[in-house]
Amino acid sequence: MSQEQEKSLEKEKKQEENEENEENEEKEEKSTKEEVLVEGFVHKQNSREKQIKKKNGKQWKKRYFKLFPDRLQYSIKEDSKILGSMNLYKYQCFPKEEVTDRFILRLFKPTEKSLFLEFENEDTMDIWKNHFKTAITNCSKKAFLENQEETKKHCIAYLKTGWLFKQGVKGLFKKKWKRRFFVLKSKDLTLNYFATEKYEGQPKGKILLSDVKSVGKAIFNDEPFGLTVGIFSTKRIYKIAADSAKERDSWIVIIQDNSENLEK
């Protein structure tokens, strides 16, 4: 085989390899490309109370929409810059019934502006409507799973949270009861209490479960579902009350189970 033939074969081989690589890249790109339920040009109108105008009115604009399993986005052209994107969680989709001579869908959410979309014919509108229902269902499922995950994380970080009443230390005769949000942290076994349910920042006070020497039921004049928490270091007895016997008992159990130095 001559030198020229060898070079020619090598060139062909490289070309084949390049073509194969390009094909593989295209396949990978297609496989990683996000699923689109439906796409195409649609006339849109953002409005809450505005009257529906004709297509040539200023309110209506032709945009290229892509409906993904979890959101809707649009741009001027198919591959141009994205102008808007909306998560479809808690949205509803239905035809605008008061307009009989046109094919308009309304995307509605109580806290957001309605989005009106107009289609060329009824068949196209029905296709989009069905896909919208699928996407809205997907968003609800996704939100549910995310909420479950957040709840799981919350349960890991906090053994128990809830509203209780705590008697203050000030006052010579009648000490006031104040409503506090109690949070029992699993990391350091600290029972913190806050003025609001947003238990962030510095708490109003805290009880280290390692300091707890006693916990039990109690009945106070104003609060029938009470409990007391005795502390070693300060020799203080916290007077706390719940809204029900069940809630009181659950707090007693969780404190007992996580307090190592209880007096027997």
# chains A, B, ... in the order shown; residues from 1 in each chain; ligands from 1

$ select_by_dssp --residues "region 48-184 of chain A" --states "strand (DSSP E)" --output "ChimeraX atom specification"
/A:61-67,71-75,82-87,92-95,103-108,114-119,158-167,177-184

$ residues_around --residues "Lys66 (chain A)" --least-positions-apart "5" --cutoff "7 Å" --atoms "only C-alpha atoms" --output "list in words"
Val36, Val38, Glu39, Gly40, Leu72, Gln73 and Tyr74 of chain A

$ write_last_selection --atoms "C-alpha atoms" --output "CSV table (one decimal), in the first residue's frame"
chain,number,residue,atom,x,y,z
A,36,VAL,CA,-42.0,19.8,26.1
A,38,VAL,CA,-46.8,21.3,23.6
A,39,GLU,CA,-45.5,24.4,21.9
A,40,GLY,CA,-46.3,26.9,19.2
A,72,LEU,CA,-45.2,27.6,31.0
A,73,GLN,CA,-42.7,30.0,29.3
A,74,TYR,CA,-42.9,32.2,26.3

$ residues_around --residues "region 117-125 of chain A" --least-positions-apart "6" --cutoff "8 Å" --atoms "only C-alpha atoms" --output "number ranges by chain"
A: 42-45, 102-106

$ write_last_selection --atoms "N, CA and C atoms" --output "PDB file, in the first residue's frame"
ATOM      1  N   VAL A  42     -49.026  31.494  20.025  1.00  0.00           N
ATOM      2  CA  VAL A  42     -50.344  31.741  20.622  1.00  0.00           C
ATOM      3  C   VAL A  42     -50.451  33.236  20.903  1.00  0.00           C
ATOM      4  N   HIS A  43     -51.661  33.780  20.766  1.00  0.00           N
ATOM      5  CA  HIS A  43     -51.886  35.177  21.145  1.00  0.00           C
ATOM      6  C   HIS A  43     -52.188  35.240  22.636  1.00  0.00           C
ATOM      7  N   LYS A  44     -51.518  36.147  23.327  1.00  0.00           N
ATOM      8  CA  LYS A  44     -51.687  36.247  24.780  1.00  0.00           C
ATOM      9  C   LYS A  44     -52.174  37.630  25.192  1.00  0.00           C
ATOM     10  N   GLN A  45     -52.844  37.642  26.351  1.00  0.00           N
ATOM     11  CA  GLN A  45     -53.267  38.906  26.949  1.00  0.00           C
ATOM     12  C   GLN A  45     -53.174  38.769  28.456  1.00  0.00           C
ATOM     13  N   ARG A 102     -64.678  33.090  19.615  1.00  0.00           N
ATOM     14  CA  ARG A 102     -63.224  32.952  19.622  1.00  0.00           C
ATOM     15  C   ARG A 102     -62.823  31.825  20.565  1.00  0.00           C
ATOM     16  N   PHE A 103     -61.580  31.375  20.435  1.00  0.00           N
ATOM     17  CA  PHE A 103     -61.123  30.199  21.182  1.00  0.00           C
ATOM     18  C   PHE A 103     -60.079  30.646  22.205  1.00  0.00           C
ATOM     19  N   ILE A 104     -60.577  30.994  23.381  1.00  0.00           N
ATOM     20  CA  ILE A 104     -59.739  31.608  24.412  1.00  0.00           C
ATOM     21  C   ILE A 104     -59.735  30.747  25.676  1.00  0.00           C
ATOM     22  N   LEU A 105     -58.530  30.482  26.181  1.00  0.00           N
ATOM     23  CA  LEU A 105     -58.364  29.805  27.467  1.00  0.00           C
ATOM     24  C   LEU A 105     -57.939  30.825  28.514  1.00  0.00           C
ATOM     25  N   ARG A 106     -58.424  30.613  29.722  1.00  0.00           N
ATOM     26  CA  ARG A 106     -58.029  31.473  30.833  1.00  0.00           C
ATOM     27  C   ARG A 106     -57.261  30.648  31.860  1.00  0.00           C
TER      28      ARG A 106
END

$ residues_around --residues "Arg63 (chain A)" --least-positions-apart "6" --cutoff "6 Å" --atoms "only C-alpha atoms" --output "ChimeraX atom specification"
/A:41-42,75-76

$ closest_residue --among "A:Glu19, A:Val229, A:Asn138, A:Lys113" --to "Asp70 (chain A)" --atoms "only C-alpha atoms"
A:Asn138

$ closest_residue --among "A:Lys213, A:Arg248, A:Thr161, A:Ser186" --to "Lys198 (chain A)" --atoms "only C-alpha atoms"
A:Thr161

$ atom_distance --atom1 "CA of Gly230 (chain A)" --atom2 "CA of Glu197 (chain A)"
24.8 Å

$ select_by_dssp --residues "region 12-235 of chain A" --states "helix (DSSP H, G or I)" --output "PyMOL selection string"
chain A and resi 12-32+122-157+209-211

$ closest_residue --among "A:Leu164, A:Ala195, A:Leu145, A:Leu262" --to "Ala241 (chain A)" --atoms "only C-alpha atoms"
A:Leu164

$ closest_residue --among "A:Trp177, A:Phe225, A:Trp251, A:Lys90" --to "Lys141 (chain A)" --atoms "only C-alpha atoms"
A:Lys90

$ residues_around --residues "Tyr158 (chain A)" --least-positions-apart "6" --cutoff "7 Å" --atoms "only C-alpha atoms" --output "list in words"
Val183, Leu184, Lys185 and Ser186 of chain A

$ write_last_selection --atoms "all heavy atoms" --output "PDB file, in the first residue's frame"
ATOM      1  N   VAL A 183     -40.432  25.143  70.896  1.00  0.00           N
ATOM      2  CA  VAL A 183     -39.714  24.366  69.885  1.00  0.00           C
ATOM      3  C   VAL A 183     -38.671  23.505  70.587  1.00  0.00           C
ATOM      4  O   VAL A 183     -37.761  24.027  71.229  1.00  0.00           O
ATOM      5  CB  VAL A 183     -39.015  25.298  68.866  1.00  0.00           C
ATOM      6  CG1 VAL A 183     -38.217  24.480  67.859  1.00  0.00           C
ATOM      7  CG2 VAL A 183     -40.030  26.174  68.149  1.00  0.00           C
ATOM      8  N   LEU A 184     -38.823  22.196  70.463  1.00  0.00           N
ATOM      9  CA  LEU A 184     -37.852  21.271  71.054  1.00  0.00           C
ATOM     10  C   LEU A 184     -36.889  20.814  69.969  1.00  0.00           C
ATOM     11  O   LEU A 184     -37.252  20.047  69.080  1.00  0.00           O
ATOM     12  CB  LEU A 184     -38.565  20.071  71.682  1.00  0.00           C
ATOM     13  CG  LEU A 184     -37.669  19.013  72.335  1.00  0.00           C
ATOM     14  CD1 LEU A 184     -36.732  19.639  73.362  1.00  0.00           C
ATOM     15  CD2 LEU A 184     -38.510  17.921  72.976  1.00  0.00           C
ATOM     16  N   LYS A 185     -35.663  21.321  70.027  1.00  0.00           N
ATOM     17  CA  LYS A 185     -34.656  21.014  69.008  1.00  0.00           C
ATOM     18  C   LYS A 185     -34.011  19.661  69.287  1.00  0.00           C
ATOM     19  O   LYS A 185     -33.666  19.350  70.427  1.00  0.00           O
ATOM     20  CB  LYS A 185     -33.590  22.112  68.986  1.00  0.00           C
ATOM     21  CG  LYS A 185     -34.115  23.472  68.558  1.00  0.00           C
ATOM     22  CD  LYS A 185     -33.078  24.560  68.739  1.00  0.00           C
ATOM     23  CE  LYS A 185     -31.930  24.403  67.772  1.00  0.00           C
ATOM     24  NZ  LYS A 185     -30.950  25.511  67.907  1.00  0.00           N
ATOM     25  N   SER A 186     -33.853  18.885  68.220  1.00  0.00           N
ATOM     26  CA  SER A 186     -33.280  17.547  68.377  1.00  0.00           C
ATOM     27  C   SER A 186     -31.757  17.578  68.498  1.00  0.00           C
ATOM     28  O   SER A 186     -31.161  16.691  69.102  1.00  0.00           O
ATOM     29  CB  SER A 186     -33.685  16.667  67.188  1.00  0.00           C
ATOM     30  OG  SER A 186     -33.255  17.250  65.974  1.00  0.00           O
TER      31      SER A 186
END

$ residues_around --residues "Ala218 (chain A)" --least-positions-apart "3" --cutoff "8 Å" --atoms "only C-alpha atoms" --output "short mmCIF file (atom, residue, chain, number, x, y, z; two decimals) with N, CA, C and O atoms, in the first residue's frame"
data_model
loop_
_atom_site.label_atom_id
_atom_site.label_comp_id
_atom_site.auth_asym_id
_atom_site.auth_seq_id
_atom_site.Cartn_x
_atom_site.Cartn_y
_atom_site.Cartn_z
N PRO A 224 -56.49 24.20 83.42
CA PRO A 224 -56.67 22.83 83.88
C PRO A 224 -55.67 21.83 83.30
O PRO A 224 -55.42 20.78 83.88
N PHE A 225 -55.10 22.15 82.12
CA PHE A 225 -54.20 21.19 81.45
C PHE A 225 -52.75 21.65 81.60
O PHE A 225 -52.05 21.94 80.63
N GLY A 226 -52.30 21.72 82.83
CA GLY A 226 -50.97 22.25 83.11
C GLY A 226 -49.91 21.18 83.27
O GLY A 226 -50.20 19.99 83.43
N LEU A 227 -48.66 21.62 83.21
CA LEU A 227 -47.53 20.76 83.51
C LEU A 227 -46.44 21.61 84.12
O LEU A 227 -46.36 22.82 83.88
N THR A 228 -45.61 20.99 84.92
CA THR A 228 -44.49 21.70 85.53
C THR A 228 -43.18 21.07 85.05
O THR A 228 -43.10 19.86 84.85
#
